[in-house]
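Chemist: Have a look at the structure that comes next, please.
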Protein chains: 2
Amino acid sequence: MLSLIDIRTRIEAGDLTHRQAIAEAREAIAERDPSIGAVVCSDPEPAVPEEGRLAGIAVGIKDIIDTAHLPTQMGSPIYQGWQPRADAAIVSRLRQLGAVPLAKTATTAFAGLDPTVTVNPRDHGHTPGGSSSGTAAAVAAGMLPLALGTQTGGSVIRPAAFCGVAAIKASFRLLPTVGVKTFSWALDTLGLFGASVPDIARALALIADRPEIDLTDDAPSAPRIGICLQGFAGDADPDAAAALSQAARAAEAAGAIVTDVSLPDAFARAWDLHPVIQDFEARQALAWEYAHHREALPALLGPQLDRAQALTAAQYDSARREAHHARRQLKDLFGEVDAILTYSAVGRAPRGLGSTGDARFNRLWTLMGVPCVNVPVPGDGLPLGVQVIARFGRDGQALAVARAIELALARG
Amino acid sequence: MLSLIDIRTRIEAGDLTHRQAIAEAREAIAERDPSIGAVVCSDPEPAVPEEGRLAGIAVGIKDIIDTAHLPTQMGSPIYQGWQPRADAAIVSRLRQLGAVPLAKTATTAFAGLDPTVTVNPRDHGHTPGGSSSGTAAAVAAGMLPLALGTQTGGSVIRPAAFCGVAAIKASFRLLPTVGVKTFSWALDTLGLFGASVPDIARALALIADRPEIDLTDDAPSAPRIGICLQGFAGDADPDAAAALSQAARAAEAAGAIVTDVSLPDAFARAWDLHPVIQDFEARQALAWEYAHHREALPALLGPQLDRAQALTAAQYDSARREAHHARRQLKDLFGEVDAILTYSAVGRAPRGLGSTGDARFNRLWTLMGVPCVNVPVPGDGLPLGVQVIARFGRDGQALAVARAIELALARG
């Protein structure tokens, strides 16, 4: 994989020019993408800034995020060839840092559940996950050192786990969603994908203009980690359970204080009601597409929106109250642990491209608005990951604990 | 003015066809707008549905709200002729109800502070207020029975007061802002303008699909109304103070229990910090326009964004904490009163088109996310209004108290 920190180090040492760094990404796309299908389109003649802390970094932009220089097609024929007027706020911020928004990466239609053509770079017979399918695959295949995804259920953490890359779903609204196609305004959250936890920590600190996110000094030397199985969401596969144990043991061996955390009933209720909030808002956010292009909506999203028409404002209000209640309880829980460690996904990437997998171990945390990091767990076969979660607004702490676990796993 | 309820009553009685109702609005625009400048463009051949609870209602859409059939130009040459792909969620909802999104109404550039060419229909030598300038003027001039505005500081309540129309800034996110150009995602809120409080109550209940908003049954017969002078925002003009007294006395005579409310210090701090939240987000939301078209930004917005570049994440976080703190205190306050009654604006509409007026009596409530209603106060000269505010999510209660005051003022 291409490492953001490695590229920047080489540039700063004079061993690599900005132009060469971007050319490497372009060559990797030209060589590898034909068999993977992660990239929808890319800038044929990108301007390459030589100033900025992310100069020389080629970035993949999930294709529900507006770009003024490249079409934004939402993974749907309804937006075929659609050219927005302006860059999304996050794209403007990347340009301000000198990064090159080089490619649009494949998204499921409107970031829903219908698969794209993208395959998993680790095994082409498997899904890369979704909805940020192309984003995860492009980073995993070594085409791009940084890429943007979004998560409404589990669309950042799940594909990152399936493809074996590091990723963070940031705290709710830490990264601006202006210019990002809405599915659910209470849930949609931007995320970053990279080769390792330090790479995404560096990127997030710069993009959010919060240097403390990338400081390792304040990382607790003996972090209190609560293992959480999310029983209300059902069981994980034995492989995923083994990966979680492996990560917990490695963290403990490296000095972490590991305990078991069981979540009060409020969390099971919030987990259960996530789809009510999501779909009540999606019905409004995608009302134009539904009214004018119902026939062009894909096999899973169309019926999902059909069903959503029956949801009532009272159901939505009640779900929002439950979520609010759970969020307050979560604050108490984060008085007892620095981070929660749980599954990133049910198991390894499913075979075939019929499904992008299941978000059931992700959606509670999206609803809580807290930062979530996927840490790949080394092993044989298709990748597995674990999910590190911290208190709202403590993205740096989530990343610091994730980095500690990543290091511990590499040692052990 | 054109009354939504009156039009619907005549249609239901068979005294008016849907087509005639829309034709009346078109004729009024053709006749009156040349001297007012409220309408940017309108649909030359609108389809007129005959089904739906808002069939026959012509609606004005502030020109920062996306429409698939008409350009959306943001009040800025940067978006001259810009044609969005999709309708905003609120426009789709209007169409679903059978309404006709007939015209785009003039907005200040990106809903900022720079005036439009629109004049106040009550006296063409005065501003209609902003940023929903064309929306307020079009309703006041009897061109449209319903129009959409947005408020980030005071852009719904202030122009409604200056033009003498009823308006509600709804609870935060009660109406979906998907497809509305963002200035500040924590503040931007949609609002409705109409001829009277019952008209906007009917419209909001239908658009939000919450019938209870339009039920007068649950209105308290002796509402507890707290008069709030917002001393931290400075003094109002004597005219506005007299209008507030007039409204309070009328409400009391009609049975309301009127007391004085003084707000704890937390509210003065929140009021003071509103611009930090607004401008820190505006810097991100308008980053593309700022980076690529700084020279095309108008005289007030350009320098506002220049200054915003210096704001830090720490200032923003601190402001958000203060706002959160004030919001919790406001809940307690609404245990003691059913509604707050305060100024809608500093005074009558200022002379000339050099300024759209001042939002200082509005911005705290936008930050609190609570519903605010402008009630015009009868009298001589340019209009004055008072502002009725209720607890978050109690838009129906705000409207019920506003209606009681409107009736009491009409009697007195």
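The way I read the labels, and the way they are meant: chains A, B, ... in the order of the structure tokens, residue 1 as the first residue of every chain, and ligand 1 as the first ligand shown, with later ones counted on from there.
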Can you show chain A as a compact mmCIF listing (two decimals) with C-alpha atoms, in the first residue's frame once it has been least-squares superposed onto chain B, using every C-alpha atom paired in order?

Modeler:
```txt
# COMPACT_ATOMS: atom_id res chain seq x y z
CA MET A 1 -52.20 39.34 0.58
CA LEU A 2 -53.08 35.91 -0.76
CA SER A 3 -54.21 33.57 2.00
CA LEU A 4 -53.42 29.88 1.65
CA ILE A 5 -56.43 28.89 3.73
CA ASP A 6 -58.72 31.21 1.78
CA ILE A 7 -57.54 29.81 -1.56
CA ARG A 8 -57.93 26.21 -0.39
CA THR A 9 -61.39 26.96 1.01
CA ARG A 10 -62.51 28.47 -2.27
CA ILE A 11 -61.08 25.54 -4.23
CA GLU A 12 -62.77 23.01 -1.95
CA ALA A 13 -66.06 24.90 -2.27
CA GLY A 14 -65.76 24.80 -6.06
CA ASP A 15 -65.50 28.60 -6.29
CA LEU A 16 -61.98 28.51 -7.71
CA THR A 17 -60.08 26.04 -9.87
CA HIS A 18 -56.50 25.03 -9.14
CA ARG A 19 -55.51 26.55 -12.43
CA GLN A 20 -57.19 29.87 -11.61
CA ALA A 21 -55.46 30.00 -8.25
CA ILE A 22 -52.05 29.60 -9.87
CA ALA A 23 -53.00 32.08 -12.61
CA GLU A 24 -53.85 34.68 -9.94
CA ALA A 25 -50.37 34.37 -8.49
CA ARG A 26 -48.79 34.58 -11.94
CA GLU A 27 -50.78 37.70 -12.77
CA ALA A 28 -49.88 39.31 -9.47
CA ILE A 29 -46.19 38.65 -10.14
CA ALA A 30 -46.44 40.04 -13.68
CA GLU A 31 -48.20 43.14 -12.44
CA ARG A 32 -46.38 43.94 -9.21
CA ASP A 33 -42.92 42.46 -9.34
CA PRO A 34 -41.43 44.88 -11.88
CA SER A 35 -41.50 47.58 -9.18
CA ILE A 36 -40.50 45.28 -6.29
CA GLY A 37 -37.86 42.85 -7.57
CA ALA A 38 -38.82 39.92 -5.35
CA VAL A 39 -38.85 37.24 -8.05
CA VAL A 40 -35.67 36.06 -9.76
CA CYS A 41 -37.38 33.75 -12.21
CA SER A 42 -40.60 31.81 -12.46
CA ASP A 43 -41.95 28.78 -14.24
CA PRO A 44 -43.46 29.99 -17.55
CA GLU A 45 -45.68 26.95 -17.97
CA PRO A 46 -46.22 25.35 -14.59
CA ALA A 47 -47.91 21.98 -14.36
CA VAL A 48 -50.88 22.41 -12.01
CA PRO A 49 -51.79 19.28 -10.03
CA GLU A 50 -55.41 18.85 -8.99
CA GLU A 51 -54.67 16.42 -6.18
CA GLY A 52 -53.08 17.13 -2.84
CA ARG A 53 -53.77 19.22 0.23
CA LEU A 54 -51.74 22.10 -1.21
CA ALA A 55 -52.99 21.82 -4.80
CA GLY A 56 -53.60 25.30 -6.19
CA ILE A 57 -51.01 26.89 -3.91
CA ALA A 58 -48.23 28.75 -5.70
CA VAL A 59 -45.04 28.76 -3.68
CA GLY A 60 -41.99 31.00 -3.74
CA ILE A 61 -38.65 29.27 -3.22
CA LYS A 62 -35.72 31.25 -1.87
CA ASP A 63 -33.02 31.09 -4.51
CA ILE A 64 -30.52 29.17 -2.39
CA ILE A 65 -32.91 26.18 -2.49
CA ASP A 66 -32.35 23.73 -5.36
CA THR A 67 -35.04 23.33 -8.00
CA ALA A 68 -34.76 20.88 -10.88
CA HIS A 69 -36.97 22.98 -13.18
CA LEU A 70 -35.59 26.44 -12.49
CA PRO A 71 -32.05 27.80 -12.06
CA THR A 72 -30.74 28.26 -8.52
CA GLN A 73 -28.42 31.22 -8.50
CA MET A 74 -27.68 31.82 -4.81
CA GLY A 75 -27.96 35.59 -5.31
CA SER A 76 -24.47 35.49 -6.76
CA PRO A 77 -22.93 35.84 -10.23
CA ILE A 78 -20.84 32.76 -9.37
CA TYR A 79 -23.98 30.67 -9.86
CA GLN A 80 -25.45 32.64 -12.77
CA GLY A 81 -27.69 30.31 -14.77
CA TRP A 82 -26.79 27.33 -12.55
CA GLN A 83 -29.26 24.50 -12.97
CA PRO A 84 -29.24 21.85 -10.21
CA ARG A 85 -30.03 18.26 -11.13
CA ALA A 86 -32.57 17.61 -8.35
CA ASP A 87 -35.17 19.39 -6.28
CA ALA A 88 -34.31 20.08 -2.67
CA ALA A 89 -36.13 17.76 -0.24
CA ILE A 90 -38.54 20.54 0.79
CA VAL A 91 -39.42 21.26 -2.85
CA SER A 92 -40.11 17.56 -3.45
CA ARG A 93 -42.36 17.58 -0.42
CA LEU A 94 -44.28 20.61 -1.74
CA ARG A 95 -44.80 18.86 -5.08
CA GLN A 96 -45.96 15.73 -3.27
CA LEU A 97 -48.66 17.86 -1.63
CA GLY A 98 -49.75 19.23 -5.00
CA ALA A 99 -48.26 22.70 -4.52
CA VAL A 100 -46.67 24.53 -7.45
CA PRO A 101 -43.11 25.79 -6.84
CA LEU A 102 -43.82 28.71 -9.12
CA ALA A 103 -41.05 31.21 -8.53
CA LYS A 104 -37.54 31.58 -7.20
CA THR A 105 -37.37 34.51 -4.80
CA ALA A 106 -34.48 36.89 -4.39
CA THR A 107 -31.87 36.05 -1.77
CA THR A 108 -28.89 37.99 -0.60
CA ALA A 109 -25.69 36.35 -1.89
CA PHE A 110 -25.46 32.93 -0.19
CA ALA A 111 -27.98 34.20 2.36
CA GLY A 112 -25.41 36.62 3.77
CA LEU A 113 -25.77 40.29 4.68
CA ASP A 114 -25.32 42.02 1.30
CA PRO A 115 -28.64 43.55 0.14
CA THR A 116 -30.53 42.48 -2.98
CA VAL A 117 -32.35 44.85 -5.34
CA THR A 118 -35.69 43.92 -3.74
CA VAL A 119 -37.63 46.79 -2.17
CA ASN A 120 -40.11 46.72 0.68
CA PRO A 121 -43.62 46.49 -0.79
CA ARG A 122 -44.97 48.66 2.06
CA ASP A 123 -42.64 51.51 1.10
CA HIS A 124 -40.29 51.16 -1.84
CA GLY A 125 -37.77 53.44 -0.21
CA HIS A 126 -37.00 50.84 2.45
CA THR A 127 -35.34 47.44 2.63
CA PRO A 128 -37.55 44.36 2.92
CA GLY A 129 -34.88 42.89 5.20
CA GLY A 130 -32.76 39.86 4.44
CA SER A 131 -31.57 37.37 3.64
CA SER A 132 -34.99 36.01 2.59
CA SER A 133 -35.71 39.37 0.94
CA GLY A 134 -37.72 38.24 -2.07
CA THR A 135 -39.62 35.65 -0.06
CA ALA A 136 -40.95 38.20 2.41
CA ALA A 137 -41.61 40.84 -0.25
CA ALA A 138 -43.45 38.45 -2.59
CA VAL A 139 -45.84 37.38 0.17
CA ALA A 140 -46.31 40.94 1.44
CA ALA A 141 -47.09 42.20 -2.07
CA GLY A 142 -49.78 39.57 -2.54
CA MET A 143 -47.91 37.72 -5.27
CA LEU A 144 -47.74 34.34 -3.49
CA PRO A 145 -49.70 32.74 -0.64
CA LEU A 146 -46.69 30.73 0.61
CA ALA A 147 -42.94 31.11 0.32
CA LEU A 148 -39.83 29.46 1.72
CA GLY A 149 -37.01 31.27 3.47
CA THR A 150 -34.05 30.26 5.59
CA GLN A 151 -32.56 31.69 8.76
CA THR A 152 -28.98 31.44 10.04
CA GLY A 153 -29.07 34.65 12.09
CA GLY A 154 -32.41 36.39 11.62
CA SER A 155 -33.22 35.89 7.94
CA VAL A 156 -36.79 34.67 8.36
CA ILE A 157 -38.16 36.67 11.30
CA ARG A 158 -36.55 40.01 10.42
CA PRO A 159 -37.80 40.32 6.80
CA ALA A 160 -41.22 39.04 7.89
CA ALA A 161 -41.38 41.80 10.51
CA PHE A 162 -40.18 44.48 8.06
CA CYS A 163 -42.73 43.42 5.44
CA GLY A 164 -45.65 42.76 7.80
CA VAL A 165 -46.23 39.08 7.11
CA ALA A 166 -46.52 36.00 9.31
CA ALA A 167 -43.55 33.62 9.30
CA ILE A 168 -42.16 30.73 11.25
CA LYS A 169 -38.56 29.66 11.56
CA ALA A 170 -39.22 26.02 12.38
CA SER A 171 -37.43 23.93 14.99
CA PHE A 172 -33.94 22.97 13.85
CA ARG A 173 -34.16 20.23 11.20
CA LEU A 174 -37.95 19.85 11.46
CA LEU A 175 -37.88 20.76 7.78
CA PRO A 176 -35.13 19.05 5.76
CA THR A 177 -32.31 21.26 4.49
CA VAL A 178 -31.08 18.73 1.91
CA GLY A 179 -30.55 20.71 -1.30
CA VAL A 180 -30.36 24.06 0.49
CA LYS A 181 -27.05 25.90 0.07
CA THR A 182 -25.22 25.73 3.39
CA PHE A 183 -23.91 28.77 5.25
CA SER A 184 -23.71 27.15 8.70
CA TRP A 185 -24.90 23.57 9.18
CA ALA A 186 -25.49 24.03 12.89
CA LEU A 187 -27.70 27.07 12.30
CA ASP A 188 -29.33 27.07 8.84
CA THR A 189 -33.07 26.51 9.29
CA LEU A 190 -35.98 26.62 6.87
CA GLY A 191 -38.97 28.87 7.44
CA LEU A 192 -42.38 29.54 5.95
CA PHE A 193 -43.98 32.90 5.12
CA GLY A 194 -47.72 33.52 4.69
CA ALA A 195 -50.50 36.06 5.09
CA SER A 196 -51.43 35.09 8.65
CA VAL A 197 -50.48 32.71 11.43
CA PRO A 198 -53.21 30.16 10.54
CA ASP A 199 -51.89 30.07 6.97
CA ILE A 200 -48.36 29.15 8.02
CA ALA A 201 -49.62 26.72 10.68
CA ARG A 202 -51.62 24.87 8.02
CA ALA A 203 -48.63 24.85 5.67
CA LEU A 204 -46.16 23.64 8.29
CA ALA A 205 -48.46 20.88 9.53
CA LEU A 206 -48.82 19.56 5.99
CA ILE A 207 -45.21 19.93 4.90
CA ALA A 208 -43.85 18.36 8.09
CA ASP A 209 -46.64 15.75 8.01
CA ARG A 210 -47.49 16.55 11.64
CA PRO A 211 -51.20 17.36 11.85
CA GLU A 212 -50.92 18.32 15.53
CA ILE A 213 -49.08 21.51 14.51
CA ASP A 214 -52.35 22.83 13.07
CA LEU A 215 -54.64 21.77 15.93
CA THR A 216 -55.89 24.67 17.95
CA ASP A 217 -57.56 22.41 20.52
CA ASP A 218 -54.43 21.87 22.55
CA ALA A 219 -53.59 25.56 22.71
CA PRO A 220 -53.50 26.65 26.36
CA SER A 221 -56.53 28.91 26.98
CA ALA A 222 -54.47 30.96 29.38
CA PRO A 223 -50.94 30.66 27.99
CA ARG A 224 -48.07 31.67 30.24
CA ILE A 225 -46.09 34.20 28.23
CA GLY A 226 -42.70 35.46 29.31
CA ILE A 227 -41.69 38.88 28.02
CA CYS A 228 -37.99 38.90 27.25
CA LEU A 229 -36.10 42.08 26.34
CA GLN A 230 -32.75 40.40 25.49
CA GLY A 231 -30.81 43.19 27.19
CA PHE A 232 -27.48 41.63 26.16
CA ALA A 233 -28.40 42.45 22.55
CA GLY A 234 -28.87 46.15 23.26
CA ASP A 235 -32.03 48.25 23.12
CA ALA A 236 -34.80 48.10 20.58
CA ASP A 237 -36.20 51.23 18.96
CA PRO A 238 -39.06 52.92 20.88
CA ASP A 239 -41.48 51.81 18.13
CA ALA A 240 -40.52 48.18 18.58
CA ALA A 241 -40.75 48.50 22.37
CA ALA A 242 -44.23 49.98 22.01
CA ALA A 243 -45.27 47.14 19.69
CA LEU A 244 -44.03 44.58 22.21
CA SER A 245 -46.05 46.28 24.98
CA GLN A 246 -49.08 46.44 22.72
CA ALA A 247 -48.85 42.70 22.03
CA ALA A 248 -48.30 41.86 25.70
CA ARG A 249 -51.31 43.96 26.81
CA ALA A 250 -53.50 42.45 24.10
CA ALA A 251 -52.49 38.93 25.10
CA GLU A 252 -53.14 39.69 28.76
CA ALA A 253 -56.54 41.14 27.95
CA ALA A 254 -57.31 37.93 26.06
CA GLY A 255 -56.47 35.81 29.12
CA ALA A 256 -52.75 35.13 28.89
CA ILE A 257 -50.62 35.17 32.04
CA VAL A 258 -47.86 37.59 31.18
CA THR A 259 -44.66 37.81 33.22
CA ASP A 260 -41.18 39.19 32.72
CA VAL A 261 -38.40 36.76 31.96
CA SER A 262 -34.76 37.60 32.41
CA LEU A 263 -32.27 35.24 30.87
CA PRO A 264 -29.29 33.89 32.86
CA ASP A 265 -25.75 34.81 31.78
CA ALA A 266 -25.38 31.62 29.76
CA PHE A 267 -27.68 33.13 27.14
CA ALA A 268 -25.67 36.32 26.81
CA ARG A 269 -22.57 34.20 26.25
CA ALA A 270 -24.34 32.01 23.68
CA TRP A 271 -25.65 35.13 21.92
CA ASP A 272 -22.14 36.54 21.85
CA LEU A 273 -20.68 33.35 20.35
CA HIS A 274 -23.27 32.76 17.60
CA PRO A 275 -21.03 34.46 15.00
CA VAL A 276 -18.10 32.19 15.90
CA ILE A 277 -20.10 29.07 15.10
CA GLN A 278 -21.67 30.65 12.03
CA ASP A 279 -18.46 31.98 10.53
CA PHE A 280 -16.26 28.97 11.35
CA GLU A 281 -18.75 26.81 9.45
CA ALA A 282 -19.31 29.36 6.66
CA ARG A 283 -15.57 29.37 5.99
CA GLN A 284 -15.81 25.63 5.27
CA ALA A 285 -19.22 25.66 3.58
CA LEU A 286 -18.17 28.42 1.16
CA ALA A 287 -14.54 27.31 0.80
CA TRP A 288 -14.84 26.62 -2.93
CA GLU A 289 -16.39 30.02 -3.64
CA TYR A 290 -13.76 31.71 -1.46
CA ALA A 291 -10.82 29.88 -3.07
CA HIS A 292 -11.95 30.27 -6.69
CA HIS A 293 -14.18 33.36 -6.78
CA ARG A 294 -13.09 35.64 -3.95
CA GLU A 295 -13.34 38.64 -6.27
CA ALA A 296 -16.99 37.85 -7.05
CA LEU A 297 -18.05 37.77 -3.40
CA PRO A 298 -19.93 40.91 -2.37
CA ALA A 299 -18.82 43.76 -0.14
CA LEU A 300 -19.93 42.34 3.20
CA LEU A 301 -19.56 38.58 2.69
CA GLY A 302 -16.04 38.71 1.25
CA PRO A 303 -14.46 40.46 4.25
CA GLN A 304 -16.63 38.38 6.63
CA LEU A 305 -15.01 35.25 5.19
CA ASP A 306 -11.58 36.92 5.24
CA ARG A 307 -11.97 37.44 8.98
CA ALA A 308 -13.35 33.92 9.44
CA GLN A 309 -10.07 32.42 8.23
CA ALA A 310 -8.52 33.35 11.59
CA LEU A 311 -11.06 31.45 13.73
CA THR A 312 -9.68 28.37 15.45
CA ALA A 313 -11.16 24.96 16.14
CA ALA A 314 -10.70 25.66 19.85
CA GLN A 315 -12.83 28.83 19.61
CA TYR A 316 -15.48 26.88 17.71
CA ASP A 317 -15.53 24.00 20.19
CA SER A 318 -15.79 26.40 23.10
CA ALA A 319 -18.69 28.25 21.43
CA ARG A 320 -20.49 24.97 20.80
CA ARG A 321 -20.11 23.99 24.45
CA GLU A 322 -21.58 27.33 25.56
CA ALA A 323 -24.50 26.89 23.18
CA HIS A 324 -25.14 23.39 24.47
CA HIS A 325 -25.11 24.71 28.04
CA ALA A 326 -27.61 27.47 27.19
CA ARG A 327 -29.89 24.98 25.40
CA ARG A 328 -30.15 22.92 28.55
CA GLN A 329 -31.00 25.99 30.64
CA LEU A 330 -33.65 26.94 28.11
CA LYS A 331 -35.45 23.65 28.79
CA ASP A 332 -35.82 24.68 32.43
CA LEU A 333 -37.09 28.10 31.42
CA PHE A 334 -39.80 26.51 29.28
CA GLY A 335 -40.99 24.71 32.38
CA GLU A 336 -42.10 28.13 33.66
CA VAL A 337 -43.59 29.67 30.50
CA ASP A 338 -45.36 28.28 27.44
CA ALA A 339 -43.83 30.87 25.16
CA ILE A 340 -41.37 33.73 25.15
CA LEU A 341 -42.46 37.02 23.59
CA THR A 342 -39.70 39.32 22.36
CA TYR A 343 -38.76 41.72 19.56
CA SER A 344 -38.75 40.45 15.98
CA ALA A 345 -36.35 43.20 14.95
CA VAL A 346 -34.71 46.34 16.31
CA GLY A 347 -37.44 48.49 14.77
CA ARG A 348 -39.11 49.22 11.43
CA ALA A 349 -37.34 48.49 8.13
CA PRO A 350 -34.38 50.86 7.70
CA ARG A 351 -34.52 53.45 4.92
CA GLY A 352 -32.74 52.65 1.65
CA LEU A 353 -31.22 49.43 0.39
CA GLY A 354 -27.81 49.83 1.99
CA SER A 355 -28.52 47.32 4.76
CA THR A 356 -30.97 44.47 5.34
CA GLY A 357 -31.18 45.37 9.03
CA ASP A 358 -29.86 43.72 12.15
CA ALA A 359 -30.39 40.15 13.42
CA ARG A 360 -29.45 40.81 17.03
CA PHE A 361 -32.85 39.90 18.48
CA ASN A 362 -32.99 36.71 16.39
CA ARG A 363 -29.66 35.00 16.49
CA LEU A 364 -29.82 33.55 20.02
CA TRP A 365 -32.99 31.68 19.12
CA THR A 366 -31.57 30.35 15.88
CA LEU A 367 -28.64 29.00 17.88
CA MET A 368 -31.04 27.46 20.39
CA GLY A 369 -32.85 25.69 17.53
CA VAL A 370 -36.28 26.67 18.87
CA PRO A 371 -39.35 27.60 16.79
CA CYS A 372 -39.86 31.36 16.29
CA VAL A 373 -42.94 33.04 14.82
CA ASN A 374 -43.31 36.62 13.63
CA VAL A 375 -46.68 38.18 14.38
CA PRO A 376 -47.33 41.51 12.64
CA VAL A 377 -48.54 44.24 15.01
CA PRO A 378 -51.21 46.48 13.46
CA GLY A 379 -50.43 50.18 13.35
CA ASP A 380 -49.49 53.11 11.14
CA GLY A 381 -46.42 53.35 8.96
CA LEU A 382 -44.01 50.59 8.08
CA PRO A 383 -44.77 47.24 9.75
CA LEU A 384 -43.62 46.11 13.16
CA GLY A 385 -43.68 42.57 14.49
CA VAL A 386 -43.26 40.62 17.66
CA GLN A 387 -41.56 37.25 18.00
CA VAL A 388 -43.16 34.26 19.74
CA ILE A 389 -40.79 31.46 20.75
CA ALA A 390 -41.51 28.01 22.16
CA ARG A 391 -39.56 24.99 23.33
CA PHE A 392 -37.64 22.92 20.76
CA GLY A 393 -40.04 20.73 18.78
CA ARG A 394 -43.13 22.60 19.99
CA ASP A 395 -43.76 24.44 16.73
CA GLY A 396 -47.49 23.93 17.16
CA GLN A 397 -47.40 25.60 20.55
CA ALA A 398 -45.44 28.58 19.21
CA LEU A 399 -48.02 28.93 16.45
CA ALA A 400 -50.98 28.56 18.84
CA VAL A 401 -49.69 31.33 21.10
CA ALA A 402 -48.83 33.45 18.06
CA ARG A 403 -52.35 32.96 16.75
CA ALA A 404 -53.83 33.98 20.09
CA ILE A 405 -51.74 37.16 20.05
CA GLU A 406 -52.63 37.86 16.42
CA LEU A 407 -56.33 37.56 17.28
CA ALA A 408 -55.98 39.64 20.42
CA LEU A 409 -54.18 42.39 18.48
CA ALA A 410 -56.87 42.36 15.78
CA ARG A 411 -59.54 42.78 18.45
CA GLY A 412 -57.74 45.42 20.41
```

Chemist: Name the residues of stretch 342-398 of chain B that come out as strand (DSSP E) in a backbone DSSP run; write them as a ChimeraX atom specification.

Modeler: /B:342-343,372-377,384-389

Chemist: Select from stretch 144-295 of chain A everything DSSP, run on the backbone, classes as alpha helix (DSSP H), then give the selection as a PyMOL selection string.

Modeler: chain A and resi 157-163+197-207+238-253+265-285+287-293
